[in-house]
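See below for the structure under consideration.
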Amino acid sequence: MALTTLQAVNSSAKKPKIETIDGVEYLVFNTVLIVPGVLAGSEGALLYENDPVEESTPLWEGTPLILDHAYDEDGDAISARTPEVIANQGLGFVSAPTFDGNLKIKSYAAVEAFKKRAPELYAKARRGE
């Protein structure tokens with residue numbers, strides 16, 4: 001199981017910060033989410049050009065942070081913003097999106113959900129790997 005956002009992640013190559021929000025402990029990573037160019041998207045290889053990626057930057061605020069891409073029973077890509085996806089794959093949320101030639105975010109992964117859903121990946125993330 002791969003954490004899509006954290007695969008390209010930890011752009012600072014440091015251990016994540018730990019923050020508590022409303023009693024929930026989060027690992028917080030500086031993340032490179034999209035590097036414009038040809039990327040393997042949920043619907044196959046697509047060209048992600050600078051202008052559309054930059055224009056989409058504010059839309060990423062509050063997007064759920066999930067394990068893998070979200071798919072329905074037929075294998076079609078679906079939104080990560082559904083209650084079912086969040087309940088089954090959710091780890092947290094993304095915040096503070098910026099664009100400097102790459103789309104960057106802060107990934108907030110709830111410690112307990114991360115440990116439960118991806119314990120090996122959680123351990124690597126805690127070590128800054």
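Ordering of the structure tokens sets the chain letters (A, B, ...); residue numbers start at 1 within each chain; ligands are numbered from 1 in the order shown.
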
### Task
Could you please write out, as a ChimeraX atom specification, every residue of segment 34-105 of chain A that DSSP assigns to alpha helix (DSSP H)?
/A:50-56,83-89

### Task
Could you give me, as a ChimeraX atom specification, the residues within 12 Å of Gly62 of chain A, counting only C-alpha atoms and dropping anything in the same chain fewer than 3 positions from it?
/A:57-59,65,80-81,92-97,105-108

Using the selection just defined, write its residues with C-alpha atoms as a PDB file, in the first residue's frame.
```
ATOM      1  CA  THR A  57      -3.091  25.558  -6.093  1.00  0.00           C
ATOM      2  CA  PRO A  58      -5.742  27.060  -3.756  1.00  0.00           C
ATOM      3  CA  LEU A  59      -8.141  24.184  -4.508  1.00  0.00           C
ATOM      4  CA  LEU A  65      -4.856  12.919   2.688  1.00  0.00           C
ATOM      5  CA  ALA A  80     -11.131  11.416  -2.129  1.00  0.00           C
ATOM      6  CA  ARG A  81     -13.681  13.805  -0.616  1.00  0.00           C
ATOM      7  CA  GLY A  92      -5.597  13.484   7.468  1.00  0.00           C
ATOM      8  CA  PHE A  93      -5.611  16.546   5.253  1.00  0.00           C
ATOM      9  CA  VAL A  94      -3.429  18.840   3.192  1.00  0.00           C
ATOM     10  CA  SER A  95      -2.902  22.524   3.901  1.00  0.00           C
ATOM     11  CA  ALA A  96      -0.922  25.600   2.878  1.00  0.00           C
ATOM     12  CA  PRO A  97      -0.657  24.856  -0.858  1.00  0.00           C
ATOM     13  CA  ILE A 105       1.677  21.389   0.403  1.00  0.00           C
ATOM     14  CA  LYS A 106       1.887  20.553   4.064  1.00  0.00           C
ATOM     15  CA  SER A 107       0.595  17.026   4.654  1.00  0.00           C
ATOM     16  CA  TYR A 108      -1.072  16.445   8.011  1.00  0.00           C
TER      17      TYR A 108
END
```

#### Entry: Given only C-alpha atoms as the counted atoms, nearest of A:Ser79, A:Asn50, A:Thr20, A:Ser56 to Val35 of chain A
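Ranking A:Ser79, A:Asn50, A:Thr20, A:Ser56 by distance to Val35 of chain A, first place goes to A:Asn50.
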
So that I can check the secondary structure, give me every residue of segment 1-119 of chain A assigned strand (DSSP E) by backbone DSSP, as an mmCIF file with C-alpha atoms, in the first residue's frame.
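Okay, result_6.cif is ready:
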```cif
data_model
loop_
_atom_site.group_PDB
_atom_site.id
_atom_site.type_symbol
_atom_site.label_atom_id
_atom_site.label_comp_id
_atom_site.auth_asym_id
_atom_site.auth_seq_id
_atom_site.Cartn_x
_atom_site.Cartn_y
_atom_site.Cartn_z
ATOM 1 C CA LYS A 17 7.065 17.817 12.798
ATOM 2 C CA ILE A 18 4.423 16.762 15.298
ATOM 3 C CA GLU A 19 1.430 19.038 15.857
ATOM 4 C CA THR A 20 -1.698 18.542 17.920
ATOM 5 C CA ILE A 21 -4.948 20.002 16.597
ATOM 6 C CA VAL A 24 -5.426 14.823 17.492
ATOM 7 C CA GLU A 25 -1.685 14.330 16.998
ATOM 8 C CA TYR A 26 -0.449 14.771 13.403
ATOM 9 C CA LEU A 27 2.821 14.186 11.585
ATOM 10 C CA VAL A 28 3.363 17.244 9.386
ATOM 11 C CA PHE A 29 5.433 16.973 6.214
ATOM 12 C CA ASN A 30 6.519 19.513 3.635
ATOM 13 C CA THR A 31 5.416 17.759 0.466
ATOM 14 C CA VAL A 32 5.966 18.192 -3.253
ATOM 15 C CA LEU A 33 2.608 17.082 -4.627
ATOM 16 C CA ILE A 34 2.936 17.793 -8.358
ATOM 17 C CA GLY A 37 5.296 17.382 -16.739
ATOM 18 C CA VAL A 38 4.026 13.979 -17.838
ATOM 19 C CA LEU A 39 2.815 12.105 -14.766
ATOM 20 C CA ALA A 40 1.112 8.770 -14.240
ATOM 21 C CA GLY A 41 -2.290 9.989 -13.099
ATOM 22 C CA GLY A 44 -3.018 7.037 -17.063
ATOM 23 C CA ALA A 45 -0.181 9.283 -18.197
ATOM 24 C CA LEU A 46 -1.206 12.942 -18.474
ATOM 25 C CA LEU A 47 0.631 16.157 -19.216
ATOM 26 C CA TYR A 48 0.397 18.497 -16.242
ATOM 27 C CA PRO A 64 -8.196 14.682 2.368
ATOM 28 C CA LEU A 65 -4.856 12.919 2.688
ATOM 29 C CA ILE A 66 -5.540 9.283 1.788
ATOM 30 C CA GLY A 90 -8.211 8.681 5.221
ATOM 31 C CA LEU A 91 -5.123 9.757 7.090
ATOM 32 C CA GLY A 92 -5.597 13.484 7.468
ATOM 33 C CA PHE A 93 -5.611 16.546 5.253
ATOM 34 C CA VAL A 94 -3.429 18.840 3.192
ATOM 35 C CA SER A 95 -2.902 22.524 3.901
ATOM 36 C CA ALA A 96 -0.922 25.600 2.878
ATOM 37 C CA PRO A 97 -0.657 24.856 -0.858
ATOM 38 C CA THR A 98 1.896 26.940 -2.757
ATOM 39 C CA PHE A 99 3.331 26.951 -6.275
ATOM 40 C CA LEU A 103 2.873 22.344 -6.311
ATOM 41 C CA LYS A 104 3.818 22.060 -2.641
ATOM 42 C CA ILE A 105 1.677 21.389 0.403
ATOM 43 C CA LYS A 106 1.887 20.553 4.064
ATOM 44 C CA SER A 107 0.595 17.026 4.654
ATOM 45 C CA TYR A 108 -1.072 16.445 8.011
ATOM 46 C CA ALA A 109 -1.222 12.698 8.758
ATOM 47 C CA ALA A 110 -3.101 11.735 11.930
#
```

#### Entry: All residues 7 Å or closer to segment 116-127 of chain A, only C-alpha atoms, same chain fewer than 4 positions away omitted, as a PyMOL selection string
chain A and resi 15-16+112

Taking N, CA, C and O atoms for each residue, export the selection above as a short mmCIF file (atom, residue, chain, number, x, y, z; two decimals), in the first residue's frame.
```cif
data_model
loop_
_atom_site.label_atom_id
_atom_site.label_comp_id
_atom_site.auth_asym_id
_atom_site.auth_seq_id
_atom_site.Cartn_x
_atom_site.Cartn_y
_atom_site.Cartn_z
N LYS A 15 12.81 14.57 9.44
CA LYS A 15 11.74 13.95 10.19
C LYS A 15 10.57 14.91 10.24
O LYS A 15 10.76 16.13 10.28
N PRO A 16 9.35 14.38 10.22
CA PRO A 16 8.18 15.27 10.26
C PRO A 16 8.06 15.99 11.60
O PRO A 16 8.53 15.49 12.62
N GLU A 112 -2.61 8.18 14.76
CA GLU A 112 -3.32 6.91 15.00
C GLU A 112 -3.83 6.29 13.72
O GLU A 112 -3.72 5.07 13.52
#
```

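Note that the spacing between atom CA of Gly23 of chain A and atom CA of Thr63 of chain A amounts to 20.1 Å.
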
### atom CA of His69 of chain A to atom CA of Ile86 of chain A, distance in Å rounded to a single decimal
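Calculated distance between atom CA of His69 of chain A and atom CA of Ile86 of chain A is 11.5 Å.
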
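A straight line drawn from atom CA of Glu73 of chain A to atom CA of Val85 of chain A is 11.9 Å long.
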